[in-house]
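Trainee: File follows, my_file-v7.pdb with PDB, C-alpha atoms:
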MODEL        1
ATOM      1  CA  MET Y 233     -26.518   8.398 -11.168
ATOM      2  CA  THR Y 234     -25.002  11.420  -9.501
ATOM      3  CA  ASP Y 235     -26.749  13.053  -6.542
ATOM      4  CA  ILE Y 236     -27.900  15.918  -8.785
ATOM      5  CA  ALA Y 237     -29.281  13.508 -11.369
ATOM      6  CA  GLU Y 238     -31.128  11.555  -8.686
ATOM      7  CA  GLN Y 239     -32.616  14.752  -7.266
ATOM      8  CA  ARG Y 240     -33.620  15.883 -10.752
ATOM      9  CA  THR Y 241     -35.294  12.547 -11.489
ATOM     10  CA  ARG Y 242     -37.258  12.715  -8.238
ATOM     11  CA  GLU Y 243     -38.312  16.322  -8.792
ATOM     12  CA  VAL Y 244     -39.368  15.708 -12.395
ATOM     13  CA  SER Y 245     -41.368  12.629 -11.365
ATOM     14  CA  ALA Y 246     -43.025  14.612  -8.563
ATOM     15  CA  LEU Y 247     -43.907  17.456 -10.942
ATOM     16  CA  ILE Y 248     -45.558  15.036 -13.351
ATOM     17  CA  ALA Y 249     -47.400  13.210 -10.562
ATOM     18  CA  ASP Y 250     -48.605  16.471  -9.005
ATOM     19  CA  THR Y 251     -49.770  17.690 -12.396
ATOM     20  CA  ARG Y 252     -51.678  14.463 -13.024
ATOM     21  CA  ALA Y 253     -53.401  14.886  -9.657
ATOM     22  CA  ILE Y 254     -54.396  18.448 -10.586
ATOM     23  CA  MET Y 255     -55.686  17.287 -13.972
ATOM     24  CA  ASP Y 256     -57.719  14.489 -12.409
ATOM     25  CA  GLY Y 257     -59.031  16.668  -9.601
ATOM     26  CA  GLY Y 258     -61.798  18.339 -11.574
ATOM     27  CA  ALA Y 259     -62.286  20.693 -14.497
ATOM     28  CA  PHE Y 260     -58.868  21.525 -15.924
ATOM     29  CA  ASP Y 261     -59.323  25.234 -16.513
ATOM     30  CA  ARG Y 262     -56.956  28.207 -16.410
ATOM     31  CA  ALA Y 263     -57.066  28.262 -12.627
ATOM     32  CA  ALA Y 264     -55.955  24.631 -12.464
ATOM     33  CA  LEU Y 265     -53.276  25.293 -15.064
ATOM     34  CA  GLY Y 266     -52.096  28.156 -12.876
ATOM     35  CA  GLN Y 267     -51.318  25.614 -10.171
ATOM     36  CA  VAL Y 268     -49.125  23.716 -12.649
ATOM     37  CA  ARG Y 269     -47.408  26.957 -13.594
ATOM     38  CA  GLU Y 270     -46.570  27.712  -9.965
ATOM     39  CA  ARG Y 271     -45.287  24.163  -9.442
ATOM     40  CA  MET Y 272     -42.963  24.537 -12.429
ATOM     41  CA  LEU Y 273     -41.266  27.601 -10.994
ATOM     42  CA  GLY Y 274     -39.691  25.522  -8.240
ATOM     43  CA  ILE Y 275     -38.020  23.004 -10.510
ATOM     44  CA  ALA Y 276     -36.929  25.697 -12.973
ATOM     45  CA  ALA Y 277     -35.192  27.499 -10.096
ATOM     46  CA  ARG Y 278     -32.848  24.513  -9.679
ATOM     47  CA  ARG Y 279     -30.369  25.716 -12.268
ATOM     48  CA  ASP Y 280     -27.955  22.970 -11.232
ATOM     49  CA  PHE Y 281     -30.389  20.453 -12.743
ATOM     50  CA  TRP Y 282     -30.069  21.942 -16.238
ATOM     51  CA  SER Y 283     -26.346  22.576 -16.706
ATOM     52  CA  GLU Y 284     -24.397  22.752 -19.946
ATOM     53  CA  ALA Y 285     -22.493  19.631 -18.894
ATOM     54  CA  GLU Y 286     -25.712  17.615 -18.649
ATOM     55  CA  TYR Y 287     -27.572  19.257 -21.520
ATOM     56  CA  PRO Y 288     -25.220  20.730 -24.137
ATOM     57  CA  SER Y 289     -26.119  23.765 -26.215
ATOM     58  CA  PRO Y 290     -26.736  23.416 -29.967
ATOM     59  CA  PRO Y 291     -23.577  22.867 -32.014
ATOM     60  CA  GLU Y 292     -22.266  25.306 -34.602
ATOM     61  CA  GLY Y 293     -24.767  25.748 -37.405
ATOM     62  CA  GLU Y 294     -27.810  24.786 -35.303
ATOM     63  CA  ASP Y 295     -30.015  27.056 -33.203
ATOM     64  CA  GLN Y 296     -31.960  24.713 -30.899
ATOM     65  CA  ASN Y 297     -31.584  21.584 -28.786
ATOM     66  CA  ARG Y 298     -34.681  20.071 -27.212
ATOM     67  CA  TYR Y 299     -34.319  17.340 -24.577
ATOM     68  CA  LEU Y 300     -37.075  15.126 -23.193
ATOM     69  CA  VAL Y 301     -36.425  15.014 -19.438
ATOM     70  CA  GLY Y 302     -39.602  13.367 -18.161
ATOM     71  CA  GLN Y 303     -42.802  11.784 -19.423
ATOM     72  CA  GLU Y 304     -45.712   9.659 -18.288
ATOM     73  CA  GLY Y 305     -45.071   6.231 -19.781
ATOM     74  CA  PRO Y 306     -41.976   5.075 -21.715
ATOM     75  CA  ALA Y 307     -39.881   7.674 -23.521
ATOM     76  CA  ASP Y 308     -40.369   5.829 -26.824
ATOM     77  CA  GLY Y 309     -44.147   5.451 -26.449
ATOM     78  CA  PRO Y 310     -47.148   7.756 -26.892
ATOM     79  CA  GLY Y 311     -47.157   8.707 -23.210
ATOM     80  CA  GLY Y 312     -48.989  11.536 -21.478
ATOM     81  CA  ILE Y 313     -47.640  14.599 -19.668
ATOM     82  CA  ALA Y 314     -44.161  15.468 -20.974
ATOM     83  CA  LEU Y 315     -41.410  17.832 -19.799
ATOM     84  CA  TYR Y 316     -38.711  19.173 -22.113
ATOM     85  CA  LEU Y 317     -35.650  21.367 -21.750
ATOM     86  CA  ASN Y 318     -35.328  23.807 -24.651
ATOM     87  CA  ILE Y 319     -31.983  25.440 -25.360
ATOM     88  CA  MET Y 320     -32.160  28.112 -28.058
ATOM     89  CA  LYS Y 321     -29.644  30.556 -29.465
ATOM     90  CA  VAL Y 322     -30.160  34.268 -30.028
ATOM     91  CA  GLY Y 323     -32.054  34.861 -33.262
ATOM     92  CA  LYS Y 324     -34.181  31.715 -33.023
ATOM     93  CA  LYS Y 325     -37.795  32.379 -34.025
ATOM     94  CA  ILE Y 326     -40.814  30.088 -33.931
ATOM     95  CA  PRO Y 327     -43.838  31.427 -35.864
ATOM     96  CA  PRO Y 328     -47.326  31.701 -34.352
ATOM     97  CA  HIS Y 329     -48.782  28.305 -33.451
ATOM     98  CA  ASN Y 330     -51.111  26.530 -31.052
ATOM     99  CA  HIS Y 331     -50.512  23.288 -29.143
ATOM    100  CA  THR Y 332     -53.894  21.472 -28.995
ATOM    101  CA  THR Y 333     -53.038  20.688 -25.363
ATOM    102  CA  TRP Y 334     -52.071  22.825 -22.376
ATOM    103  CA  ALA Y 335     -48.526  24.141 -22.206
ATOM    104  CA  CYS Y 336     -46.334  25.847 -19.597
ATOM    105  CA  ILE Y 337     -42.971  27.541 -20.115
ATOM    106  CA  ALA Y 338     -40.667  28.359 -17.186
ATOM    107  CA  GLY Y 339     -37.416  30.312 -17.386
ATOM    108  CA  ILE Y 340     -34.067  28.944 -16.220
ATOM    109  CA  GLU Y 341     -31.527  31.142 -18.035
ATOM    110  CA  GLY Y 342     -32.006  33.983 -20.507
ATOM    111  CA  VAL Y 343     -35.174  35.577 -21.855
ATOM    112  CA  GLU Y 344     -37.690  33.990 -24.206
ATOM    113  CA  HIS Y 345     -40.066  36.534 -25.767
ATOM    114  CA  ASN Y 346     -43.528  35.047 -26.272
ATOM    115  CA  THR Y 347     -46.124  36.987 -28.255
ATOM    116  CA  LEU Y 348     -49.731  35.933 -27.648
ATOM    117  CA  TYR Y 349     -52.365  36.344 -30.363
ATOM    118  CA  ASP Y 350     -56.135  36.608 -30.621
ATOM    119  CA  ARG Y 351     -57.840  34.640 -33.375
ATOM    120  CA  LEU Y 352     -60.431  36.797 -35.121
ATOM    121  CA  ASP Y 353     -62.170  34.248 -37.371
ATOM    122  CA  ASP Y 354     -64.214  31.220 -36.302
ATOM    123  CA  GLY Y 355     -61.995  28.597 -37.941
ATOM    124  CA  SER Y 356     -64.777  27.431 -40.249
ATOM    125  CA  GLU Y 357     -62.740  27.796 -43.467
ATOM    126  CA  PRO Y 358     -59.872  25.255 -43.616
ATOM    127  CA  GLY Y 359     -56.498  26.817 -44.235
ATOM    128  CA  LYS Y 360     -57.695  30.320 -43.441
ATOM    129  CA  ALA Y 361     -57.098  32.206 -40.195
ATOM    130  CA  GLN Y 362     -56.998  35.806 -39.051
ATOM    131  CA  ILE Y 363     -54.921  36.534 -35.961
ATOM    132  CA  LYS Y 364     -53.576  39.682 -34.336
ATOM    133  CA  PRO Y 365     -50.930  40.197 -31.620
ATOM    134  CA  ARG Y 366     -52.314  40.814 -28.135
ATOM    135  CA  GLU Y 367     -49.263  41.083 -25.870
ATOM    136  CA  THR Y 368     -45.639  40.042 -25.564
ATOM    137  CA  ILE Y 369     -44.440  38.345 -22.391
ATOM    138  CA  ALA Y 370     -40.756  38.004 -21.508
ATOM    139  CA  VAL Y 371     -40.288  34.618 -19.847
ATOM    140  CA  GLU Y 372     -37.108  34.742 -17.775
ATOM    141  CA  PRO Y 373     -35.746  33.167 -14.575
ATOM    142  CA  GLY Y 374     -38.408  33.333 -11.884
ATOM    143  CA  SER Y 375     -41.309  33.623 -14.323
ATOM    144  CA  ALA Y 376     -43.508  31.238 -16.270
ATOM    145  CA  LEU Y 377     -46.238  31.345 -18.918
ATOM    146  CA  ALA Y 378     -49.263  29.019 -19.047
ATOM    147  CA  MET Y 379     -51.416  28.414 -22.135
ATOM    148  CA  MET Y 380     -54.486  26.369 -22.927
ATOM    149  CA  GLY Y 381     -54.680  24.217 -26.042
ATOM    150  CA  ASP Y 382     -56.267  26.847 -28.290
ATOM    151  CA  ASP Y 383     -53.957  29.673 -27.248
ATOM    152  CA  ILE Y 384     -51.652  30.939 -30.002
ATOM    153  CA  HIS Y 385     -48.130  32.223 -29.427
ATOM    154  CA  SER Y 386     -44.850  32.840 -31.204
ATOM    155  CA  VAL Y 387     -41.332  32.736 -29.794
ATOM    156  CA  GLU Y 388     -38.270  34.896 -30.386
ATOM    157  CA  ILE Y 389     -34.882  34.823 -28.663
ATOM    158  CA  LYS Y 390     -33.394  38.302 -28.493
ATOM    159  CA  GLY Y 391     -30.444  39.825 -26.667
ATOM    160  CA  ASP Y 392     -27.091  38.124 -26.319
ATOM    161  CA  GLN Y 393     -27.690  35.006 -24.196
ATOM    162  CA  VAL Y 394     -28.510  31.415 -25.099
ATOM    163  CA  ILE Y 395     -31.704  30.516 -23.234
ATOM    164  CA  ARG Y 396     -32.578  27.415 -21.204
ATOM    165  CA  HIS Y 397     -36.268  27.019 -20.468
ATOM    166  CA  LEU Y 398     -38.536  24.187 -19.421
ATOM    167  CA  HIS Y 399     -41.504  23.454 -21.686
ATOM    168  CA  PHE Y 400     -44.255  21.292 -20.200
ATOM    169  CA  TYR Y 401     -47.165  19.800 -22.157
ATOM    170  CA  GLY Y 402     -50.264  17.716 -21.547
ATOM    171  CA  ARG Y 403     -49.060  15.303 -24.241
ATOM    172  CA  PRO Y 404     -45.675  14.643 -25.882
ATOM    173  CA  LEU Y 405     -44.877  16.992 -28.746
ATOM    174  CA  GLU Y 406     -44.414  14.096 -31.155
ATOM    175  CA  THR Y 407     -48.070  13.102 -30.716
ATOM    176  CA  LEU Y 408     -49.458  16.569 -31.440
ATOM    177  CA  ASP Y 409     -50.241  16.044 -35.118
ATOM    178  CA  LYS Y 410     -53.058  18.599 -35.369
ATOM    179  CA  ARG Y 411     -51.152  21.680 -34.253
ATOM    180  CA  LEU Y 412     -51.521  24.695 -36.502
ATOM    181  CA  THR Y 413     -48.982  27.300 -37.494
ATOM    182  CA  PHE Y 414     -50.275  30.688 -38.633
ATOM    183  CA  ASP Y 415     -49.122  33.150 -41.304
ATOM    184  CA  ILE Y 416     -50.386  36.495 -40.053
ATOM    185  CA  GLU Y 417     -49.598  38.340 -43.305
ATOM    186  CA  ALA Y 418     -51.229  35.796 -45.627
ATOM    187  CA  GLY Y 419     -54.158  35.089 -43.322
ATOM    188  CA  THR Y 420     -53.569  31.351 -43.535
ATOM    189  CA  CYS Y 421     -52.837  28.372 -41.291
ATOM    190  CA  LYS Y 422     -51.539  24.836 -41.817
ATOM    191  CA  VAL Y 423     -50.541  21.799 -39.808
ATOM    192  CA  MET Y 424     -47.264  22.457 -37.991
ATOM    193  CA  THR Y 425     -44.229  20.239 -38.446
ATOM    194  CA  MET Y 426     -41.278  20.042 -36.057
ATOM    195  CA  PRO Y 427     -37.918  20.575 -37.765
ATOM    196  CA  VAL Y 428     -36.022  19.930 -34.494
ATOM    197  CA  LYS Y 429     -35.811  16.316 -33.346
ATOM    198  CA  THR Y 430     -36.154  15.739 -29.607
ATOM    199  CA  LYS Y 431     -33.136  14.278 -27.837
ATOM    200  CA  ILE Y 432     -34.122  11.725 -25.203
ATOM    201  CA  LYS Y 433     -32.159  12.211 -21.981
ATOM    202  CA  THR Y 434     -34.148  11.070 -18.976
ATOM    203  CA  LYS Y 435     -31.282   9.561 -16.997
ATOM    204  CA  SER Y 436     -27.648  10.412 -16.252
TER     205      SER Y 436
ENDMDL
END
Turn this file's structure into structure tokens for me.
Mentor:
Amino acid sequence: MTDIAEQRTREVSALIADTRAIMDGGAFDRAALGQVRERMLGIAARRDFWSEAEYPSPPEGEDQNRYLVGQEGPADGPGGIALYLNIMKVGKKIPPHNHTTWACIAGIEGVEHNTLYDRLDDGSEPGKAQIKPRETIAVEPGSALAMMGDDIHSVEIKGDQVIRHLHFYGRPLETLDKRLTFDIEAGTCKVMTMPVKTKIKTKS
């Protein structure tokens, strides 16, 4: 591996190990998640780790590439904590959804607009949900957003720049089979599917 790749591997491993220590250190609440968020800012600031040469942008006709760059356990197994690099083109939208595990997003390049929602119903009627927007947060270089498992957000890429952001989860995305996506106009929700397949790139 190149020096940059070796540094990236060490930093990603340290981030995951530090996060595991925080998770195992007591109640994993928003304050604890805030520590993870702060830890992510350091690795996101290393823009040389996340270059176009190492992690190419989506090809013509596609609007997102998602790379797995670190995970507890083998990359082809169920695993635990998982770190991804998301590269998304202008115009990309992801509708309101939850994660069923904690999530952190940290900016590397460009701006990712995240709208957070409040859920108004109690979730007792399957397939039905009432949500309303609460605030929109622009995640850009030097900033990060942390969410608990029940938090709901949507994503939109505006402006004129392809974005590169780190997305960090308590479990790999492929294991999150109870996530919900919400239709705010219809007042409904359903299990979320992932149309974008993760590319596994943990070594160089």
Trainee: Quote the spacing between CA of Ala253 in chain Y and CA of Arg269 in chain Y in Å to one decimal place.
Mentor: 14.0 Å
Trainee: For this file, the PyMOL selection byres ((chain Y and resi 371-379) around 9) selects which residues, as a ChimeraX atom specification?
Mentor: /Y:262,265-266,268-270,272-274,276-277,331,333-346,369-370,380-385,395,397
Trainee: Find the residue from Y:Lys321, Y:Thr420, Y:Met426, Y:His329 that sits nearest to Gly391 in chain Y; use only C-alpha atoms when measuring.
Mentor: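 Residue with the minimum atom-to-atom distance to Gly391 in chain Y: Y:Lys321.
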Trainee: So which residues touch Lys325 in chain Y within 8 Å, counting all atoms listed in the file, skipping near sequence neighbours fewer than 3 positions away, as a list in words?
Mentor: Ser386, Val387, Glu388 and Ile389 of chain Y
Trainee: Go ahead and compute the interatomic distance for CA of Glu292 in chain Y and CA of Lys390 in chain Y, in Å to one decimal.
Mentor: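 Pair CA of Glu292 in chain Y / CA of Lys390 in chain Y returns 18.2 Å.
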Trainee: Can you build me a table of range 331-429 of chain Y residues sitting at most 12 Å from range 243-250 of chain Y, with the closest atom pair per residue and its distance in Å to one decimal, using only C-alpha atoms, sorted by chain and residue number, as a tab-separated table?
Mentor:
residue	atom	partner	partner_atom	distance
Y:Leu398	CA	Y:Val244	CA	11.0
Y:Phe400	CA	Y:Ile248	CA	9.4
Y:Tyr401	CA	Y:Ile248	CA	10.1
Y:Gly402	CA	Y:Ile248	CA	9.8
Y:Arg403	CA	Y:Ile248	CA	11.4
Trainee: Let's have the selection written as a PDB file, in the coordinates of the input, with C-alpha atoms.
Mentor:
ATOM      1  CA  LEU Y 398     -38.536  24.187 -19.421  1.00  0.00           C
ATOM      2  CA  PHE Y 400     -44.255  21.292 -20.200  1.00  0.00           C
ATOM      3  CA  TYR Y 401     -47.165  19.800 -22.157  1.00  0.00           C
ATOM      4  CA  GLY Y 402     -50.264  17.716 -21.547  1.00  0.00           C
ATOM      5  CA  ARG Y 403     -49.060  15.303 -24.241  1.00  0.00           C
TER       6      ARG Y 403
END
Trainee: How far is it from CA of Pro404 in chain Y to CA of Ile313 in chain Y, in Å with one decimal?
Mentor: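 Those two atoms sit 6.5 Å apart.
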Trainee: Apply the PyMOL selection byres ((chain Y and resi 353-359) around 6) to the displayed file and report the matching residues as number ranges by chain.
Mentor: Y: 351-352, 360, 362, 420-422
